[in-house]
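Listing of query.cif, mmCIF, C-alpha atoms
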data_my_file
#
loop_
_atom_site.group_PDB
_atom_site.id
_atom_site.type_symbol
_atom_site.label_atom_id
_atom_site.label_comp_id
_atom_site.auth_asym_id
_atom_site.auth_seq_id
_atom_site.Cartn_x
_atom_site.Cartn_y
_atom_site.Cartn_z
ATOM 1 C CA MET A 1 59.744 -29.421 -70.360
ATOM 2 C CA VAL A 2 60.937 -32.905 -69.681
ATOM 3 C CA TYR A 3 58.964 -35.898 -70.949
ATOM 4 C CA PHE A 4 59.611 -39.085 -69.013
ATOM 5 C CA SER A 5 59.428 -42.419 -70.745
ATOM 6 C CA ASP A 6 58.748 -44.658 -67.733
ATOM 7 C CA TRP A 7 56.324 -44.312 -64.859
ATOM 8 C CA ASP A 8 58.662 -44.906 -61.910
ATOM 9 C CA SER A 9 61.062 -42.076 -62.762
ATOM 10 C CA PHE A 10 58.161 -39.713 -63.464
ATOM 11 C CA GLU A 11 56.459 -40.552 -60.179
ATOM 12 C CA LYS A 12 59.678 -39.976 -58.239
ATOM 13 C CA ALA A 13 60.424 -36.658 -59.999
ATOM 14 C CA ALA A 14 56.835 -35.421 -59.630
ATOM 15 C CA SER A 15 56.708 -36.263 -55.912
ATOM 16 C CA GLU A 16 60.063 -34.567 -55.287
ATOM 17 C CA LEU A 17 59.021 -31.476 -57.242
ATOM 18 C CA PHE A 18 55.708 -31.251 -55.420
ATOM 19 C CA ALA A 19 57.424 -31.679 -52.049
ATOM 20 C CA SER A 20 60.203 -29.167 -52.746
ATOM 21 C CA ALA A 21 57.973 -26.344 -53.976
ATOM 22 C CA ALA A 22 54.861 -26.958 -51.934
ATOM 23 C CA ASP A 23 53.498 -23.425 -52.231
ATOM 24 C CA LYS A 24 53.833 -23.100 -56.005
ATOM 25 C CA ALA A 25 53.568 -26.626 -57.389
ATOM 26 C CA ARG A 26 50.512 -27.793 -59.279
ATOM 27 C CA TYR A 27 49.629 -30.647 -61.593
ATOM 28 C CA THR A 28 47.287 -31.248 -64.463
ATOM 29 C CA ILE A 29 45.903 -34.320 -66.162
ATOM 30 C CA LYS A 30 44.831 -33.922 -69.772
ATOM 31 C CA TYR A 31 43.454 -36.432 -72.248
ATOM 32 C CA ARG A 32 44.413 -35.878 -75.884
ATOM 33 C CA ASN A 33 41.748 -37.487 -78.021
ATOM 34 C CA CYS A 34 43.677 -37.122 -81.266
ATOM 35 C CA ASP A 35 46.572 -39.197 -79.855
ATOM 36 C CA ALA A 36 44.481 -41.311 -77.477
ATOM 37 C CA ALA A 37 47.038 -40.377 -74.841
ATOM 38 C CA LEU A 38 46.890 -39.143 -71.281
ATOM 39 C CA VAL A 39 49.322 -36.334 -70.414
ATOM 40 C CA LEU A 40 50.301 -35.662 -66.803
ATOM 41 C CA LYS A 41 52.148 -32.455 -66.017
ATOM 42 C CA VAL A 42 53.663 -31.306 -62.708
ATOM 43 C CA THR A 43 55.170 -27.828 -62.573
ATOM 44 C CA ASP A 44 56.296 -25.097 -60.197
ATOM 45 C CA ASP A 45 56.818 -22.483 -62.963
ATOM 46 C CA ALA A 46 60.582 -23.128 -62.971
ATOM 47 C CA THR A 47 60.633 -26.896 -63.545
ATOM 48 C CA CYS A 48 58.142 -28.933 -65.528
ATOM 49 C CA VAL A 49 57.957 -32.725 -65.669
ATOM 50 C CA GLN A 50 55.557 -34.528 -67.993
ATOM 51 C CA LEU A 51 54.497 -38.022 -68.882
ATOM 52 C CA ARG A 52 52.508 -39.067 -71.926
ATOM 53 C CA THR A 53 50.972 -42.510 -71.804
ATOM 54 C CA GLY A 54 48.482 -44.417 -73.890
ATOM 55 C CA ARG A 55 48.360 -47.556 -71.770
ATOM 56 C CA LEU A 56 45.179 -48.375 -69.905
ATOM 57 C CA GLY A 57 47.126 -50.097 -67.133
ATOM 58 C CA ASP A 58 48.604 -46.783 -65.986
ATOM 59 C CA ILE A 59 45.249 -45.534 -64.711
ATOM 60 C CA LYS A 60 45.687 -47.177 -61.287
ATOM 61 C CA LYS A 61 49.159 -45.676 -61.022
ATOM 62 C CA ILE A 62 47.786 -42.255 -61.947
ATOM 63 C CA ALA A 63 45.065 -42.614 -59.309
ATOM 64 C CA ARG A 64 47.693 -43.502 -56.680
ATOM 65 C CA LEU A 65 49.826 -40.475 -57.603
ATOM 66 C CA HIS A 66 46.741 -38.265 -57.587
ATOM 67 C CA ARG A 67 45.858 -39.494 -54.084
ATOM 68 C CA GLN A 68 49.412 -38.810 -52.842
ATOM 69 C CA LEU A 69 49.451 -35.286 -54.270
ATOM 70 C CA CYS A 70 45.986 -34.537 -52.852
ATOM 71 C CA GLN A 71 47.093 -35.710 -49.407
ATOM 72 C CA SER A 72 50.178 -33.512 -49.512
ATOM 73 C CA THR A 73 48.019 -30.581 -50.647
ATOM 74 C CA SER A 74 45.560 -31.086 -47.788
ATOM 75 C CA LEU A 75 48.420 -31.297 -45.285
ATOM 76 C CA ARG A 76 49.799 -28.079 -46.766
ATOM 77 C CA ALA A 77 46.384 -26.410 -46.330
ATOM 78 C CA GLU A 78 46.236 -27.506 -42.672
ATOM 79 C CA LYS A 79 49.689 -26.004 -42.066
ATOM 80 C CA ILE A 80 48.589 -22.731 -43.629
ATOM 81 C CA LYS A 81 45.457 -22.596 -41.466
ATOM 82 C CA SER A 82 47.456 -23.266 -38.314
ATOM 83 C CA ARG A 83 49.797 -20.310 -38.904
ATOM 84 C CA GLN A 84 49.332 -17.192 -36.833
ATOM 85 C CA PRO A 85 48.296 -14.098 -38.765
ATOM 86 C CA GLU A 86 51.240 -11.922 -39.742
ATOM 87 C CA PHE A 87 49.350 -8.680 -39.232
ATOM 88 C CA PRO A 88 47.442 -7.683 -36.112
ATOM 89 C CA SER A 89 43.694 -7.624 -36.456
ATOM 90 C CA VAL A 90 42.260 -4.260 -37.443
ATOM 91 C CA GLN A 91 39.804 -2.655 -35.041
ATOM 92 C CA THR A 92 36.778 -1.225 -36.822
ATOM 93 C CA PRO A 93 35.213 2.014 -35.578
ATOM 94 C CA GLU A 94 32.002 1.629 -33.665
ATOM 95 C CA LYS A 95 28.965 1.766 -35.855
ATOM 96 C CA ALA A 96 25.981 3.954 -35.087
ATOM 97 C CA SER A 97 23.346 2.155 -33.091
ATOM 98 C CA ALA A 98 19.931 1.395 -34.565
ATOM 99 C CA THR A 99 18.203 4.097 -32.488
ATOM 100 C CA GLU A 100 20.554 6.792 -33.814
ATOM 101 C CA LYS A 101 19.812 5.731 -37.387
ATOM 102 C CA VAL A 102 16.037 5.865 -36.856
ATOM 103 C CA SER A 103 16.168 9.282 -35.186
ATOM 104 C CA SER A 104 18.328 10.745 -37.953
ATOM 105 C CA LYS A 105 15.951 9.486 -40.659
ATOM 106 C CA ALA A 106 12.897 10.912 -38.932
ATOM 107 C CA GLY A 107 14.675 14.220 -38.236
ATOM 108 C CA GLY A 108 14.125 16.041 -41.470
ATOM 109 C CA ALA A 109 15.148 16.648 -45.044
ATOM 110 C CA VAL A 110 18.832 15.943 -44.616
ATOM 111 C CA GLY A 111 19.839 13.107 -46.907
ATOM 112 C CA LYS A 112 16.429 12.785 -48.605
ATOM 113 C CA GLN A 113 16.458 12.027 -52.280
ATOM 114 C CA PRO A 114 13.771 13.290 -54.657
ATOM 115 C CA LYS A 115 10.996 10.845 -55.382
ATOM 116 C CA LYS A 116 11.350 9.129 -58.734
ATOM 117 C CA THR A 117 8.350 9.280 -61.018
ATOM 118 C CA ARG A 118 7.480 7.132 -63.944
ATOM 119 C CA GLY A 119 6.018 8.291 -67.192
ATOM 120 C CA LYS A 120 6.075 11.710 -68.810
ATOM 121 C CA LYS A 121 7.466 14.707 -67.034
ATOM 122 C CA ARG A 122 5.057 17.624 -66.955
#
Let's see the structure in the file written out as structure tokens.
Amino acid sequence: MVYFSDWDSFEKAASELFASAADKARYTIKYRNCDAALVLKVTDDATCVQLRTGRLGDIKKIARLHRQLCQSTSLRAEKIKSRQPEFPSVQTPEKASATEKVSSKAGGAVGKQPKKTRGKKR
């Protein structure tokens, strides 16, 4: 885990990490009340970059980074939706029509379950 001390280097590293590992990258924002600090973490399970800040002025910068990462995530989702399926669609067997179901139910005792009774058995 790498903690960055300044915002510009963290923003650059986080954007590069998110762009390089688009399928695995994720980020979290956590507020630590005991330290009065905001911790940002971007990871792809192999690399982790973090920034801990207590300055109120960094909130606009965090919002800008959040917006950039959300936009890249939504573009990634659009690319995934536009892909063709890798497997051919599976054909399901034809289901019995409604008339066949009605005639089989009215036909007799096949498939009937005993009636449940409440109370004492006699």
Under the rule of at most 12 Å, produce a per-residue listing of range 12-39 of chain A near range 5-8 of chain A: chain, number, name, the closest pair of atoms, and the distance in Å, as a tab-separated table, using only C-alpha atoms.
residue	atom	partner	partner_atom	distance
A:Lys12	CA	A:Asp8	CA	6.2
A:Ala13	CA	A:Asp8	CA	8.6
A:Ala14	CA	A:Asp8	CA	9.9
A:Ser15	CA	A:Asp8	CA	10.7
A:Val39	CA	A:Ser5	CA	11.8
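When all atoms listed in the file are used to measure the gap to Ile29 in chain A, the shortest distance among A:Met1, A:Leu17, A:Leu51, A:Ala46 belongs to A:Leu51.
The shortest atom-to-atom distance to Arg26 in chain A, with only C-alpha atoms taken into account, belongs to A:Cys48 out of A:Cys48, A:Leu38, A:Arg55, A:Gln71.
When CA of His66 in chain A is paired with CA of Val49 in chain A, their separation reads 14.9 Å.
For the residues A:Ser72, A:Gly57, A:Thr117, A:Ala63, ranking by smallest atom-to-atom distance to Leu40 in chain A using only C-alpha atoms places A:Ala63 first.
Using only C-alpha atoms, the shortest contact distance between Val42 in chain A and any of A:Ala25, A:Gln113, A:Leu56, A:Ala19 is found at A:Ala25.
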Distance of CA of Arg52 in chain A from CA of Ser74 in chain A, expressed in Å to one decimal place: 26.4 Å
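Atom pair CA of Gln50 in chain A / CA of Asp23 in chain A has a distance of 19.4 Å (rounded to one decimal).
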Pick from A:Thr43, A:Pro114, A:Cys70, A:Lys24, whichever lies nearest to Val2 in chain A using all atoms listed in the file: A:Thr43
